[in-house]
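Listing of query-v9.txt; format and content: compact mmCIF, N, CA and C atoms.
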```txt
# COMPACT_ATOMS: atom_id res chain seq x y z
N MET I 16 0.82 -1.19 0.00
CA MET I 16 0.00 0.00 0.00
C MET I 16 0.87 1.26 0.00
N MET I 17 1.93 1.26 0.78
CA MET I 17 2.82 2.40 0.87
C MET I 17 3.53 2.64 -0.48
N LYS I 18 3.91 1.56 -1.17
CA LYS I 18 4.58 1.70 -2.46
C LYS I 18 3.65 2.32 -3.49
N LYS I 19 2.35 1.95 -3.46
CA LYS I 19 1.39 2.52 -4.39
C LYS I 19 1.20 4.02 -4.13
N SER I 20 1.19 4.42 -2.86
CA SER I 20 1.04 5.83 -2.51
C SER I 20 2.24 6.65 -2.99
N ILE I 21 3.42 6.10 -2.79
CA ILE I 21 4.64 6.81 -3.22
C ILE I 21 4.67 6.89 -4.75
N ALA I 22 4.33 5.80 -5.43
CA ALA I 22 4.31 5.79 -6.89
C ALA I 22 3.28 6.79 -7.41
N GLY I 23 2.13 6.84 -6.79
CA GLY I 23 1.08 7.79 -7.19
C GLY I 23 1.54 9.23 -6.99
N LEU I 24 2.20 9.49 -5.87
CA LEU I 24 2.71 10.82 -5.59
C LEU I 24 3.77 11.23 -6.61
N LEU I 25 4.65 10.31 -6.96
CA LEU I 25 5.68 10.59 -7.96
C LEU I 25 5.05 10.91 -9.32
N VAL I 26 4.01 10.21 -9.69
CA VAL I 26 3.33 10.47 -10.96
C VAL I 26 2.71 11.87 -10.94
N VAL I 27 2.09 12.23 -9.84
CA VAL I 27 1.48 13.55 -9.73
C VAL I 27 2.55 14.64 -9.83
N VAL I 28 3.66 14.48 -9.14
CA VAL I 28 4.75 15.46 -9.19
C VAL I 28 5.30 15.57 -10.61
N LEU I 29 5.49 14.44 -11.26
CA LEU I 29 5.99 14.44 -12.63
C LEU I 29 5.02 15.17 -13.57
N LEU I 30 3.74 14.89 -13.46
CA LEU I 30 2.74 15.54 -14.30
C LEU I 30 2.69 17.05 -14.05
N LEU I 31 2.79 17.45 -12.79
CA LEU I 31 2.80 18.88 -12.48
C LEU I 31 4.03 19.57 -13.06
N THR I 32 5.17 18.91 -13.01
CA THR I 32 6.40 19.48 -13.57
C THR I 32 6.27 19.65 -15.08
N VAL I 33 5.78 18.63 -15.76
CA VAL I 33 5.62 18.71 -17.21
C VAL I 33 4.60 19.78 -17.56
N PHE I 34 3.48 19.82 -16.87
CA PHE I 34 2.44 20.79 -17.16
C PHE I 34 2.93 22.22 -16.94
N SER I 35 3.66 22.46 -15.85
CA SER I 35 4.12 23.82 -15.56
C SER I 35 5.15 24.27 -16.58
N SER I 36 5.99 23.38 -17.08
CA SER I 36 6.97 23.78 -18.09
C SER I 36 6.29 24.09 -19.41
N VAL I 37 5.22 23.39 -19.74
CA VAL I 37 4.47 23.68 -20.96
C VAL I 37 3.75 25.01 -20.83
N VAL I 38 3.18 25.29 -19.69
CA VAL I 38 2.47 26.54 -19.48
C VAL I 38 3.42 27.72 -19.54
N LEU I 39 4.63 27.58 -19.02
CA LEU I 39 5.58 28.67 -18.98
C LEU I 39 6.31 28.88 -20.30
N ALA I 40 6.30 27.90 -21.20
CA ALA I 40 6.97 28.03 -22.48
C ALA I 40 6.12 28.91 -23.40
N GLY I 41 6.80 29.67 -24.24
CA GLY I 41 6.05 30.52 -25.16
C GLY I 41 6.95 31.09 -26.22
N THR I 42 6.33 31.80 -27.16
CA THR I 42 7.05 32.45 -28.24
C THR I 42 6.47 33.84 -28.46
N GLY I 43 7.23 34.66 -29.13
CA GLY I 43 6.78 36.00 -29.47
C GLY I 43 7.56 36.52 -30.65
N SER I 44 7.21 37.70 -31.11
CA SER I 44 7.93 38.29 -32.23
C SER I 44 7.78 39.81 -32.21
N GLY I 45 8.67 40.44 -32.94
CA GLY I 45 8.62 41.88 -33.10
C GLY I 45 9.10 42.23 -34.50
N SER I 46 8.71 43.40 -34.98
CA SER I 46 9.13 43.80 -36.31
C SER I 46 9.32 45.31 -36.37
N GLY I 47 10.09 45.73 -37.37
CA GLY I 47 10.32 47.15 -37.55
C GLY I 47 10.70 47.47 -38.98
N THR I 48 10.57 48.74 -39.33
CA THR I 48 10.86 49.23 -40.67
C THR I 48 11.60 50.55 -40.56
N GLN I 49 12.53 50.77 -41.48
CA GLN I 49 13.18 52.08 -41.61
C GLN I 49 13.01 52.53 -43.06
N ILE I 50 12.56 53.78 -43.23
CA ILE I 50 12.39 54.37 -44.55
C ILE I 50 13.28 55.61 -44.59
N ARG I 51 14.16 55.66 -45.60
CA ARG I 51 15.14 56.74 -45.66
C ARG I 51 14.48 58.10 -45.80
N GLY I 52 13.63 58.32 -46.77
CA GLY I 52 12.99 59.62 -46.96
C GLY I 52 14.01 60.73 -47.15
N VAL I 53 13.59 61.95 -46.88
CA VAL I 53 14.46 63.12 -46.93
C VAL I 53 14.85 63.44 -45.49
N PRO I 54 16.15 63.43 -45.17
CA PRO I 54 16.56 63.66 -43.78
C PRO I 54 15.95 64.93 -43.19
N GLY I 55 15.44 64.79 -41.99
CA GLY I 55 14.85 65.92 -41.30
C GLY I 55 13.43 66.24 -41.73
N ARG I 56 12.90 65.49 -42.70
CA ARG I 56 11.56 65.78 -43.19
C ARG I 56 10.63 64.58 -43.07
N ASN I 57 10.96 63.48 -43.75
CA ASN I 57 10.01 62.37 -43.76
C ASN I 57 10.65 61.00 -43.60
N ALA I 58 11.87 60.94 -43.10
CA ALA I 58 12.46 59.65 -42.78
C ALA I 58 11.64 59.03 -41.64
N GLN I 59 11.55 57.69 -41.64
CA GLN I 59 10.69 57.05 -40.65
C GLN I 59 11.34 55.82 -40.02
N LEU I 60 11.11 55.66 -38.74
CA LEU I 60 11.37 54.42 -38.02
C LEU I 60 10.03 53.97 -37.47
N VAL I 61 9.59 52.80 -37.88
CA VAL I 61 8.30 52.28 -37.45
C VAL I 61 8.52 50.90 -36.86
N GLY I 62 8.02 50.68 -35.65
CA GLY I 62 8.17 49.36 -35.03
C GLY I 62 7.04 49.09 -34.07
N ASN I 63 6.76 47.81 -33.89
CA ASN I 63 5.76 47.45 -32.89
C ASN I 63 6.49 46.99 -31.64
N ALA I 64 6.07 47.51 -30.51
CA ALA I 64 6.69 47.14 -29.24
C ALA I 64 6.33 45.70 -28.90
N PHE I 65 7.28 45.00 -28.33
CA PHE I 65 7.01 43.66 -27.83
C PHE I 65 7.61 43.51 -26.45
N THR I 66 7.05 42.61 -25.67
CA THR I 66 7.47 42.42 -24.29
C THR I 66 8.05 41.03 -24.10
N VAL I 67 9.20 40.98 -23.46
CA VAL I 67 9.83 39.72 -23.07
C VAL I 67 9.47 39.49 -21.61
N PRO I 68 8.95 38.30 -21.28
CA PRO I 68 8.51 38.03 -19.90
C PRO I 68 9.67 37.94 -18.91
N ALA I 69 9.32 37.83 -17.65
CA ALA I 69 10.29 37.86 -16.55
C ALA I 69 11.44 36.87 -16.69
N GLN I 70 11.18 35.70 -17.27
CA GLN I 70 12.24 34.69 -17.36
C GLN I 70 13.21 34.98 -18.51
N GLY I 71 12.96 36.02 -19.32
CA GLY I 71 13.82 36.31 -20.45
C GLY I 71 13.46 35.44 -21.64
N ALA I 72 14.15 35.66 -22.76
CA ALA I 72 13.86 34.91 -23.98
C ALA I 72 15.13 34.84 -24.82
N VAL I 73 15.12 33.92 -25.78
CA VAL I 73 16.24 33.73 -26.70
C VAL I 73 15.74 33.98 -28.12
N ILE I 74 16.49 34.77 -28.89
CA ILE I 74 16.13 35.02 -30.29
C ILE I 74 16.34 33.73 -31.08
N THR I 75 15.29 33.31 -31.79
CA THR I 75 15.33 32.04 -32.52
C THR I 75 15.33 32.20 -34.03
N LYS I 76 14.86 33.34 -34.54
CA LYS I 76 14.77 33.53 -35.98
C LYS I 76 14.80 35.01 -36.31
N VAL I 77 15.48 35.36 -37.42
CA VAL I 77 15.55 36.75 -37.87
C VAL I 77 15.37 36.79 -39.39
N ASN I 78 14.53 37.68 -39.86
CA ASN I 78 14.41 37.99 -41.28
C ASN I 78 14.66 39.48 -41.43
N CYS I 79 15.66 39.82 -42.26
CA CYS I 79 16.05 41.22 -42.37
C CYS I 79 16.43 41.54 -43.81
N THR I 80 15.86 42.62 -44.36
CA THR I 80 16.21 43.04 -45.71
C THR I 80 17.27 44.14 -45.71
N GLY I 81 17.68 44.59 -44.55
CA GLY I 81 18.68 45.65 -44.44
C GLY I 81 20.06 45.10 -44.14
N ASN I 82 20.93 46.00 -43.68
CA ASN I 82 22.30 45.66 -43.30
C ASN I 82 22.34 45.42 -41.79
N GLY I 83 21.70 44.33 -41.35
CA GLY I 83 21.60 44.05 -39.93
C GLY I 83 20.50 44.89 -39.29
N PHE I 84 20.48 44.88 -37.96
CA PHE I 84 19.43 45.61 -37.23
C PHE I 84 19.92 45.90 -35.83
N TRP I 85 19.15 46.73 -35.14
CA TRP I 85 19.42 46.94 -33.72
C TRP I 85 18.13 46.74 -32.94
N ILE I 86 18.33 46.39 -31.68
CA ILE I 86 17.22 46.20 -30.76
C ILE I 86 17.36 47.25 -29.67
N GLU I 87 16.24 47.84 -29.31
CA GLU I 87 16.25 48.95 -28.35
C GLU I 87 15.19 48.71 -27.30
N GLY I 88 15.56 48.87 -26.05
CA GLY I 88 14.62 48.68 -24.95
C GLY I 88 15.40 48.59 -23.64
N THR I 89 15.15 47.52 -22.89
CA THR I 89 15.88 47.30 -21.64
C THR I 89 17.38 47.32 -21.90
N ILE I 90 17.78 46.77 -23.05
CA ILE I 90 19.16 46.86 -23.51
C ILE I 90 19.13 47.41 -24.93
N ARG I 91 20.26 47.87 -25.41
CA ARG I 91 20.39 48.29 -26.81
C ARG I 91 21.57 47.54 -27.40
N LYS I 92 21.32 46.84 -28.53
CA LYS I 92 22.38 46.02 -29.13
C LYS I 92 22.16 45.96 -30.63
N GLY I 93 23.26 46.03 -31.39
CA GLY I 93 23.21 45.91 -32.83
C GLY I 93 23.74 44.56 -33.30
N PHE I 94 23.23 44.11 -34.44
CA PHE I 94 23.64 42.83 -35.01
C PHE I 94 23.90 43.00 -36.51
N ILE I 95 25.16 42.88 -36.91
CA ILE I 95 25.54 42.89 -38.32
C ILE I 95 26.49 41.72 -38.52
N PRO I 96 26.12 40.73 -39.32
CA PRO I 96 24.85 40.58 -40.02
C PRO I 96 23.73 40.20 -39.05
N ALA I 97 22.51 40.29 -39.52
CA ALA I 97 21.34 40.06 -38.69
C ALA I 97 21.32 38.67 -38.07
N GLN I 98 21.84 37.66 -38.78
CA GLN I 98 21.81 36.29 -38.29
C GLN I 98 22.65 36.11 -37.02
N ASN I 99 23.54 37.05 -36.73
CA ASN I 99 24.33 36.98 -35.49
C ASN I 99 23.45 37.06 -34.24
N ALA I 100 22.23 37.52 -34.40
CA ALA I 100 21.33 37.66 -33.25
C ALA I 100 20.75 36.32 -32.78
N ILE I 101 20.75 35.32 -33.64
CA ILE I 101 20.16 34.03 -33.26
C ILE I 101 20.94 33.44 -32.08
N GLY I 102 20.20 33.11 -31.04
CA GLY I 102 20.80 32.58 -29.81
C GLY I 102 21.05 33.64 -28.75
N PHE I 103 20.89 34.92 -29.11
CA PHE I 103 21.11 36.00 -28.14
C PHE I 103 20.00 35.99 -27.10
N ARG I 104 20.37 36.14 -25.85
CA ARG I 104 19.39 36.12 -24.76
C ARG I 104 18.97 37.54 -24.40
N LEU I 105 17.66 37.76 -24.45
CA LEU I 105 17.08 39.06 -24.07
C LEU I 105 16.58 39.00 -22.64
N PRO I 106 16.98 39.94 -21.80
CA PRO I 106 16.39 40.01 -20.47
C PRO I 106 14.96 40.53 -20.55
N ALA I 107 14.22 40.34 -19.49
CA ALA I 107 12.83 40.81 -19.44
C ALA I 107 12.77 42.30 -19.76
N GLY I 108 11.71 42.70 -20.44
CA GLY I 108 11.52 44.11 -20.73
C GLY I 108 10.70 44.34 -21.98
N ARG I 109 10.61 45.61 -22.34
CA ARG I 109 9.86 46.02 -23.53
C ARG I 109 10.87 46.47 -24.58
N TYR I 110 10.67 46.03 -25.83
CA TYR I 110 11.65 46.26 -26.89
C TYR I 110 11.02 46.71 -28.20
N TYR I 111 11.89 47.28 -29.05
CA TYR I 111 11.60 47.57 -30.46
C TYR I 111 12.79 47.05 -31.26
N VAL I 112 12.56 46.68 -32.52
CA VAL I 112 13.66 46.33 -33.43
C VAL I 112 13.56 47.21 -34.67
N PHE I 113 14.73 47.64 -35.19
CA PHE I 113 14.78 48.48 -36.38
C PHE I 113 15.94 48.02 -37.27
N PRO I 114 15.71 47.96 -38.59
CA PRO I 114 16.79 47.56 -39.50
C PRO I 114 17.72 48.72 -39.82
N ASN I 115 18.96 48.39 -40.16
CA ASN I 115 19.90 49.37 -40.70
C ASN I 115 19.72 49.40 -42.22
N LEU I 116 19.75 50.57 -42.81
CA LEU I 116 19.65 50.69 -44.26
C LEU I 116 21.00 50.45 -44.91
N LYS I 117 21.00 49.76 -46.04
CA LYS I 117 22.20 49.65 -46.88
C LYS I 117 22.38 51.00 -47.57
N PRO I 118 23.60 51.33 -48.06
CA PRO I 118 23.84 52.66 -48.64
C PRO I 118 22.83 53.11 -49.69
N SER I 119 22.43 52.26 -50.61
CA SER I 119 21.53 52.68 -51.68
C SER I 119 20.07 52.31 -51.42
N GLN I 120 19.78 51.81 -50.24
CA GLN I 120 18.44 51.31 -49.92
C GLN I 120 17.56 52.44 -49.38
N THR I 121 16.29 52.44 -49.78
CA THR I 121 15.36 53.45 -49.27
C THR I 121 14.43 52.89 -48.21
N ARG I 122 14.29 51.55 -48.14
CA ARG I 122 13.42 50.93 -47.15
C ARG I 122 14.01 49.57 -46.77
N ALA I 123 13.91 49.26 -45.47
CA ALA I 123 14.33 47.94 -44.99
C ALA I 123 13.37 47.50 -43.89
N ASP I 124 13.20 46.19 -43.78
CA ASP I 124 12.30 45.60 -42.78
C ASP I 124 13.05 44.52 -42.01
N VAL I 125 12.64 44.33 -40.75
CA VAL I 125 13.20 43.26 -39.93
C VAL I 125 12.07 42.64 -39.11
N SER I 126 12.14 41.33 -38.94
CA SER I 126 11.25 40.64 -37.99
C SER I 126 12.11 39.68 -37.18
N VAL I 127 11.82 39.62 -35.90
CA VAL I 127 12.58 38.81 -34.95
C VAL I 127 11.61 37.94 -34.17
N SER I 128 11.92 36.63 -34.10
CA SER I 128 11.13 35.70 -33.28
C SER I 128 11.96 35.28 -32.08
N PHE I 129 11.29 35.06 -30.97
CA PHE I 129 12.00 34.65 -29.76
C PHE I 129 11.16 33.64 -29.00
N ALA I 130 11.81 32.89 -28.13
CA ALA I 130 11.13 31.87 -27.33
C ALA I 130 11.63 31.94 -25.89
N TRP I 131 10.75 31.50 -24.98
CA TRP I 131 11.12 31.39 -23.56
C TRP I 131 10.63 30.10 -23.00
```
Rewritten as structure tokens:
Amino acid sequence: MMKKSIAGLLVVVLLLTVFSSVVLAGTGSGSGTQIRGVPGRNAQLVGNAFTVPAQGAVITKVNCTGNGFWIEGTIRKGFIPAQNAIGFRLPAGRYYVFPNLKPSQTRADVSVSFAW
């Protein structure tokens, strides 16, 4: 009887551990655009803010049409080439991402995916 109780308790603990790790796992993304325009008149930086949860997150995927990108928020960091960002750990916080323009480019876009 005691062995069945211990085995049952171990199963419950194991299930709770698996369930809590699934609940805490997640993904997110952010994107941004830079448009050259005429300096001081209509150049644009457009980005959607994204939030990294308390446990932090790791960048898993980057798509960028520019010459790398930078991330701005709790920390500020640039990545040239953009693929260098894969595996980078972001601390908790609110962020934006923006692409760098190539010399002859008038518009560039970046999207970043992350997981926790």
query = Quick one: distance from atom N of Thr80 of chain I to atom CA of Thr42 of chain I in Å, one decimal?
reply =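 It comes out at 21.0 Å.
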request  = Go through I:Leu116, I:Val67, I:Ile95, I:Val125 one by one, measure the shortest atom-to-atom distance of each to Gly47 of chain I using only N, CA and C atoms, and give the residue with the smallest value.
outcome  =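 Of I:Leu116, I:Val67, I:Ile95, I:Val125, the one nearest Gly47 of chain I, counting only N, CA and C atoms, is I:Val125.
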task = In Å, rounded to a single decimal, give me how far atom CA of Gly81 of chain I is from atom CA of Pro106 of chain I.
result =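 These atoms are spaced 24.7 Å apart.
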query = When you draw a straight line from atom C of Phe113 of chain I to atom CA of Gly83 of chain I, how long is it in Å?
reply = 7.4 Å
Nearest to Lys76 of chain I by atom-to-atom distance, counting only C-alpha atoms, from I:Ala107, I:Arg91, I:Gly102, I:Gln120 = I:Gly102
key: Those of segment 47-127 of chain I in DSSP strand (DSSP E or B), formatted as JSON, numbers by chain   = {"I": [47, 48, 49, 50, 59, 60, 61, 62, 65, 66, 67, 72, 73, 74, 75, 76, 77, 78, 79, 84, 85, 86, 87, 88, 91, 92, 93, 94, 104, 105, 108, 109, 110, 111, 112, 113, 114, 122, 123, 124, 125, 126, 127]}
remark   = From the list I:Asn78, I:Asn115, I:Gln49, I:Ser44, the nearest residue to Ala64 of chain I using only N, CA and C atoms is I:Ser44
request  = Taking the DSSP assignment computed from this structure's backbone, write out as an MDAnalysis selection string all residues of segment 22-126 of chain I that belong to alpha helix (DSSP H).
outcome  = chainID I and resid 22:39
Selection: 8 Å around Ser46 of chain I, all atoms listed in the file, excl. self and same-chain fewer than 6 positions, as a list of chain:residue names = I:Val61, I:Gly62, I:Asn63, I:Ala64, I:Phe65, I:Tyr110, I:Tyr111, I:Val112, I:Phe113, I:Pro114, I:Asp124, I:Val125, I:Ser126, I:Val127, I:Ser128
message = Using all atoms listed in the file, which protein or nucleic acid residues come within 6.5 Å of Arg51 of chain I? Drop anything in the same chain fewer than 3 positions from it, and give the result as an MDAnalysis selection string.
response = chainID I and resid 54 57:59 120:123
Would you mind listing what lies within 7 Å of Ala130 of chain I as an mmCIF file with N, CA and C atoms, in the frame of the given file, with all atoms listed in the file counted and same-chain residues fewer than 5 positions away left out?
```cif
data_model
loop_
_atom_site.group_PDB
_atom_site.id
_atom_site.type_symbol
_atom_site.label_atom_id
_atom_site.label_comp_id
_atom_site.auth_asym_id
_atom_site.auth_seq_id
_atom_site.Cartn_x
_atom_site.Cartn_y
_atom_site.Cartn_z
ATOM 1 N N ALA I 40 6.300 27.900 -21.200
ATOM 2 C CA ALA I 40 6.970 28.030 -22.480
ATOM 3 C C ALA I 40 6.120 28.910 -23.400
ATOM 4 N N GLY I 41 6.800 29.670 -24.240
ATOM 5 C CA GLY I 41 6.050 30.520 -25.160
ATOM 6 C C GLY I 41 6.950 31.090 -26.220
ATOM 7 N N THR I 42 6.330 31.800 -27.160
ATOM 8 C CA THR I 42 7.050 32.450 -28.240
ATOM 9 C C THR I 42 6.470 33.840 -28.460
ATOM 10 N N GLY I 43 7.230 34.660 -29.130
ATOM 11 C CA GLY I 43 6.780 36.000 -29.470
ATOM 12 C C GLY I 43 7.560 36.520 -30.650
ATOM 13 N N GLY I 71 12.960 36.020 -19.320
ATOM 14 C CA GLY I 71 13.820 36.310 -20.450
ATOM 15 C C GLY I 71 13.460 35.440 -21.640
ATOM 16 N N ALA I 72 14.150 35.660 -22.760
ATOM 17 C CA ALA I 72 13.860 34.910 -23.980
ATOM 18 C C ALA I 72 15.130 34.840 -24.820
ATOM 19 N N VAL I 73 15.120 33.920 -25.780
ATOM 20 C CA VAL I 73 16.240 33.730 -26.700
ATOM 21 C C VAL I 73 15.740 33.980 -28.120
ATOM 22 N N ILE I 74 16.490 34.770 -28.890
ATOM 23 C CA ILE I 74 16.130 35.020 -30.290
ATOM 24 C C ILE I 74 16.340 33.730 -31.080
ATOM 25 N N THR I 75 15.290 33.310 -31.790
ATOM 26 C CA THR I 75 15.330 32.040 -32.520
ATOM 27 C C THR I 75 15.330 32.200 -34.030
#
```
